[in-house]
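See structure below.
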Amino acid sequence: IARNKHDGYDSYCRALKTDQKVLDEFVNYLTINVSEFYRNPTLWKTLEDVILPDLINKFGTKLKIWSAACSTGDEPYSLVMLLSKYMPLSDISVIATDIDKQVLEKANVGVYNAKSLANLPKDFVDMYFTKIGEKNYRISDRIKKCVEFRHHNLLQDEYISNCDLILCRNVVIYFT
């Protein structure tokens, strides 16, 4: 409220409803954009050993997958790399959404620091990343092509239908 020089909540709420720039700034401030590749590796192991084989057995390799609240793209890109163990990249398509347009831009660029890759299996780092500079890595265009990033508000927009798998850990871990 103070940063935007409003005199109170009513004035600020009106601005949020009428000024897209103010709303975008507010959303960016509120959203928690902490993510990393293969966060909680034991869960990724369960996905690899149990869930994905079951889904592929039931539905084949043309899975419809949605990564909701994907933040900077670490989760959907991790998923594509994992799926590449089961099928060619040309068969993999993941829809990745987030409310924060700035993190979607970062996801599309695909440059990450070494810390965000710490849990990623080394063979994935070697296969799908190029080191740039001292501390950063660029993800391969082959992986990037498998993910379609979209702006999406989980509280207002229509959900993507007929998905075989929905990843939404970046949302549910922050809410009771």
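Going by the structure tokens order, chains are called A, B, ..., each with residues numbered from 1, while ligands are numbered from 1 in the order shown.
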
Handout entry: Test item, helix (DSSP H, G or I) assignment across region 83-176 of chain A, answer as number ranges by chain
Key = A: 83, 89-91, 101-109, 114-117, 122-128, 141-144, 169-172

Problem - Distance query region 52-65 of chain A at most 9 Å, only C-alpha atoms, self and fewer than 5 positions along chain excluded, as an MDAnalysis selection string - result: chainID A and resid 46:47 83 86:87 91:96 162:167

So that I have them on file, write out the residues from the current selection with N, CA, C and O atoms, as a JSON list (two decimals), in the first residue's frame.
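As a result, result-v4.json now contains:
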[["chain", "number", "residue", "atom", "x", "y", "z"],
["A", 46, "THR", "N", 9.75, -42.48, -6.39],
["A", 46, "THR", "CA", 8.43, -43.11, -6.42],
["A", 46, "THR", "C", 7.73, -42.84, -7.75],
["A", 46, "THR", "O", 7.11, -43.73, -8.33],
["A", 47, "LEU", "N", 7.85, -41.62, -8.23],
["A", 47, "LEU", "CA", 7.27, -41.28, -9.52],
["A", 47, "LEU", "C", 7.89, -42.17, -10.61],
["A", 47, "LEU", "O", 7.18, -42.71, -11.46],
["A", 83, "LEU", "N", 10.86, -38.63, -17.84],
["A", 83, "LEU", "CA", 10.09, -39.33, -18.88],
["A", 83, "LEU", "C", 10.96, -39.80, -20.03],
["A", 83, "LEU", "O", 10.65, -40.80, -20.69],
["A", 86, "TYR", "N", 11.73, -43.36, -20.45],
["A", 86, "TYR", "CA", 10.68, -44.26, -20.89],
["A", 86, "TYR", "C", 10.28, -44.10, -22.36],
["A", 86, "TYR", "O", 9.67, -44.99, -22.93],
["A", 87, "MET", "N", 10.57, -42.93, -22.92],
["A", 87, "MET", "CA", 10.08, -42.64, -24.27],
["A", 87, "MET", "C", 10.94, -41.57, -24.91],
["A", 87, "MET", "O", 11.64, -40.83, -24.21],
["A", 91, "ASP", "N", 7.90, -37.65, -28.04],
["A", 91, "ASP", "CA", 6.60, -38.10, -27.54],
["A", 91, "ASP", "C", 6.19, -37.42, -26.24],
["A", 91, "ASP", "O", 5.12, -37.71, -25.70],
["A", 92, "ILE", "N", 7.03, -36.55, -25.71],
["A", 92, "ILE", "CA", 6.76, -35.95, -24.40],
["A", 92, "ILE", "C", 6.24, -34.53, -24.55],
["A", 92, "ILE", "O", 6.82, -33.72, -25.27],
["A", 93, "SER", "N", 5.13, -34.28, -23.85],
["A", 93, "SER", "CA", 4.55, -32.94, -23.84],
["A", 93, "SER", "C", 3.99, -32.66, -22.44],
["A", 93, "SER", "O", 3.18, -33.43, -21.94],
["A", 94, "VAL", "N", 4.45, -31.57, -21.86],
["A", 94, "VAL", "CA", 3.99, -31.18, -20.53],
["A", 94, "VAL", "C", 3.48, -29.75, -20.61],
["A", 94, "VAL", "O", 4.14, -28.87, -21.17],
["A", 95, "ILE", "N", 2.29, -29.52, -20.07],
["A", 95, "ILE", "CA", 1.76, -28.18, -19.94],
["A", 95, "ILE", "C", 2.15, -27.68, -18.55],
["A", 95, "ILE", "O", 1.92, -28.37, -17.56],
["A", 96, "ALA", "N", 2.76, -26.52, -18.49],
["A", 96, "ALA", "CA", 3.23, -25.97, -17.22],
["A", 96, "ALA", "C", 2.64, -24.58, -17.04],
["A", 96, "ALA", "O", 2.77, -23.73, -17.92],
["A", 162, "ASN", "N", -8.87, -33.61, -18.66],
["A", 162, "ASN", "CA", -8.45, -34.92, -19.16],
["A", 162, "ASN", "C", -6.96, -35.20, -19.02],
["A", 162, "ASN", "O", -6.34, -35.78, -19.91],
["A", 163, "CYS", "N", -6.40, -34.79, -17.91],
["A", 163, "CYS", "CA", -4.98, -35.04, -17.67],
["A", 163, "CYS", "C", -4.77, -36.44, -17.11],
["A", 163, "CYS", "O", -5.59, -36.94, -16.32],
["A", 164, "ASP", "N", -3.68, -37.06, -17.50],
["A", 164, "ASP", "CA", -3.30, -38.35, -16.95],
["A", 164, "ASP", "C", -2.49, -38.18, -15.66],
["A", 164, "ASP", "O", -2.48, -39.07, -14.81],
["A", 165, "LEU", "N", -1.82, -37.03, -15.53],
["A", 165, "LEU", "CA", -1.03, -36.74, -14.36],
["A", 165, "LEU", "C", -1.02, -35.23, -14.13],
["A", 165, "LEU", "O", -0.80, -34.47, -15.07],
["A", 166, "ILE", "N", -1.28, -34.82, -12.90],
["A", 166, "ILE", "CA", -1.20, -33.41, -12.52],
["A", 166, "ILE", "C", -0.22, -33.30, -11.36],
["A", 166, "ILE", "O", -0.38, -33.95, -10.33],
["A", 167, "LEU", "N", 0.82, -32.50, -11.57],
["A", 167, "LEU", "CA", 1.77, -32.20, -10.50],
["A", 167, "LEU", "C", 1.40, -30.84, -9.94],
["A", 167, "LEU", "O", 1.33, -29.86, -10.69]]

Determine, counting only C-alpha atoms, which protein, DNA and RNA residues have an atom within 9 Å of an atom of Leu79 (chain A); residues of the same chain fewer than 4 positions away are not included. Present the result as a compact mmCIF listing (two decimals) with N, CA and C atoms, in the first residue's frame.
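Heads up, here's the output in result-v1.txt:
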# COMPACT_ATOMS: atom_id res chain seq x y z
N TYR A 38 14.30 -31.78 -9.13
CA TYR A 38 14.24 -33.01 -8.32
C TYR A 38 14.16 -32.72 -6.83
N TRP A 44 10.59 -38.27 -6.30
CA TRP A 44 10.87 -38.49 -7.73
C TRP A 44 11.14 -39.96 -8.00
N ASP A 74 11.50 -25.71 -12.99
CA ASP A 74 12.32 -26.82 -12.49
C ASP A 74 11.54 -28.14 -12.49
N GLU A 75 10.29 -28.09 -12.01
CA GLU A 75 9.49 -29.31 -11.91
C GLU A 75 9.13 -29.88 -13.29
N LEU A 83 10.86 -38.63 -17.84
CA LEU A 83 10.09 -39.33 -18.88
C LEU A 83 10.96 -39.80 -20.03
N SER A 84 12.08 -39.09 -20.26
CA SER A 84 12.97 -39.49 -21.36
C SER A 84 13.58 -40.87 -21.13
N VAL A 94 4.45 -31.57 -21.86
CA VAL A 94 3.99 -31.18 -20.53
C VAL A 94 3.48 -29.75 -20.61

Practice task
Go through region 131-160 of chain A and collect every residue that DSSP, computed from the backbone, puts in strand (DSSP E or B); the answer should be as a list in words.
Solution key: Lys131, Ile132, Asn136, Tyr137, Arg138, Ile139, Val147, Glu148, Phe149, Arg150 and His151 of chain A

Write the residues you've just listed into a file as an mmCIF file, in the first residue's frame, and include N, CA, C and O atoms for each of them.
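Done, and the output landed in selection.cif:
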data_model
loop_
_atom_site.group_PDB
_atom_site.id
_atom_site.type_symbol
_atom_site.label_atom_id
_atom_site.label_comp_id
_atom_site.auth_asym_id
_atom_site.auth_seq_id
_atom_site.Cartn_x
_atom_site.Cartn_y
_atom_site.Cartn_z
ATOM 1 N N LYS A 131 27.018 -25.637 -19.232
ATOM 2 C CA LYS A 131 27.489 -24.666 -18.243
ATOM 3 C C LYS A 131 27.767 -23.346 -18.943
ATOM 4 O O LYS A 131 28.384 -23.309 -20.000
ATOM 5 N N ILE A 132 27.278 -22.276 -18.342
ATOM 6 C CA ILE A 132 27.554 -20.935 -18.860
ATOM 7 C C ILE A 132 28.080 -20.092 -17.710
ATOM 8 O O ILE A 132 27.457 -20.005 -16.662
ATOM 9 N N ASN A 136 26.242 -20.838 -13.635
ATOM 10 C CA ASN A 136 24.947 -21.064 -14.262
ATOM 11 C C ASN A 136 24.971 -22.165 -15.312
ATOM 12 O O ASN A 136 26.016 -22.478 -15.881
ATOM 13 N N TYR A 137 23.784 -22.696 -15.544
ATOM 14 C CA TYR A 137 23.596 -23.758 -16.527
ATOM 15 C C TYR A 137 22.374 -23.434 -17.378
ATOM 16 O O TYR A 137 21.359 -22.969 -16.866
ATOM 17 N N ARG A 138 22.480 -23.718 -18.667
ATOM 18 C CA ARG A 138 21.348 -23.527 -19.588
ATOM 19 C C ARG A 138 20.799 -24.904 -19.953
ATOM 20 O O ARG A 138 21.552 -25.793 -20.345
ATOM 21 N N ILE A 139 19.488 -25.038 -19.842
ATOM 22 C CA ILE A 139 18.847 -26.307 -20.184
ATOM 23 C C ILE A 139 18.771 -26.455 -21.703
ATOM 24 O O ILE A 139 18.632 -25.469 -22.425
ATOM 25 N N VAL A 147 7.978 -28.646 -23.178
ATOM 26 C CA VAL A 147 7.160 -27.973 -22.166
ATOM 27 C C VAL A 147 6.526 -26.719 -22.765
ATOM 28 O O VAL A 147 7.200 -25.897 -23.368
ATOM 29 N N GLU A 148 5.227 -26.615 -22.584
ATOM 30 C CA GLU A 148 4.487 -25.422 -23.000
ATOM 31 C C GLU A 148 4.111 -24.645 -21.745
ATOM 32 O O GLU A 148 3.313 -25.125 -20.923
ATOM 33 N N PHE A 149 4.686 -23.459 -21.586
ATOM 34 C CA PHE A 149 4.394 -22.633 -20.424
ATOM 35 C C PHE A 149 3.212 -21.719 -20.726
ATOM 36 O O PHE A 149 3.139 -21.121 -21.797
ATOM 37 N N ARG A 150 2.301 -21.623 -19.746
ATOM 38 C CA ARG A 150 1.115 -20.775 -19.872
ATOM 39 C C ARG A 150 0.869 -20.020 -18.565
ATOM 40 O O ARG A 150 1.083 -20.558 -17.487
ATOM 41 N N HIS A 151 0.343 -18.813 -18.719
ATOM 42 C CA HIS A 151 -0.104 -18.054 -17.549
ATOM 43 C C HIS A 151 -1.449 -18.633 -17.118
ATOM 44 O O HIS A 151 -2.329 -18.871 -17.953
#

Practice task
Give me, please, the distance in Å between CA of Ser71 (chain A) and CA of Ala107 (chain A), quoted to one decimal.
Solution key: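 The value is 7.5 Å.
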
Nearby residues (only C-alpha atoms) at most 10 Å from Glu36 (chain A), same-chain spacing under 2 positions excluded, as a PDB file with C-alpha atoms, in the first residue's frame:
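This is the output file around_32.pdb:
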ATOM      1  CA  ASN A  33       9.041 -18.824  -6.140  1.00  0.00           C
ATOM      2  CA  VAL A  34      11.355 -21.298  -4.507  1.00  0.00           C
ATOM      3  CA  TYR A  38      14.239 -33.014  -8.324  1.00  0.00           C
ATOM      4  CA  ARG A  39      13.186 -31.403  -5.055  1.00  0.00           C
ATOM      5  CA  ASN A  40      12.646 -34.256  -2.575  1.00  0.00           C
ATOM      6  CA  SER A  71       7.360 -21.549 -10.897  1.00  0.00           C
ATOM      7  CA  THR A  72      10.662 -21.248 -12.788  1.00  0.00           C
ATOM      8  CA  GLY A  73      10.179 -24.536 -14.648  1.00  0.00           C
ATOM      9  CA  ASP A  74      12.323 -26.819 -12.494  1.00  0.00           C
ATOM     10  CA  GLU A  75       9.494 -29.305 -11.914  1.00  0.00           C
ATOM     11  CA  SER A  78      12.656 -32.503 -14.264  1.00  0.00           C
ATOM     12  CA  TYR A 112      19.583 -21.943 -13.617  1.00  0.00           C
ATOM     13  CA  ASN A 113      22.242 -21.717 -10.930  1.00  0.00           C
ATOM     14  CA  ALA A 114      24.167 -24.759  -9.762  1.00  0.00           C
ATOM     15  CA  LYS A 115      22.300 -24.863  -6.435  1.00  0.00           C
ATOM     16  CA  SER A 116      18.969 -25.506  -8.166  1.00  0.00           C
ATOM     17  CA  LEU A 117      20.485 -28.543  -9.920  1.00  0.00           C
ATOM     18  CA  ALA A 118      21.986 -30.064  -6.753  1.00  0.00           C
ATOM     19  CA  ASN A 119      19.453 -32.948  -6.478  1.00  0.00           C
ATOM     20  CA  LEU A 120      19.249 -33.663 -10.200  1.00  0.00           C
TER      21      LEU A 120
END

Exercise for the section: Rank A:Asp49, A:Cys168, A:Leu154, A:Asp24 by their smallest atom-to-atom distance to Val103 (chain A), using only C-alpha atoms, and report the top residue only. Expected result: A:Asp24

Exercise for the section: Can you work out which one of A:Val171, A:Ile160, A:Leu43, A:Leu104 has the shortest atom-to-atom distance to Trp66 (chain A), counting only C-alpha atoms? Expected result: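 That would be A:Ile160, the residue with the smallest distance to Trp66 (chain A).
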
Problem - Minimum-distance residue to Phe37 (chain A), chosen among A:Ile99, A:Val80, A:Leu89, A:Met127 (using only C-alpha atoms) - result: A:Val80
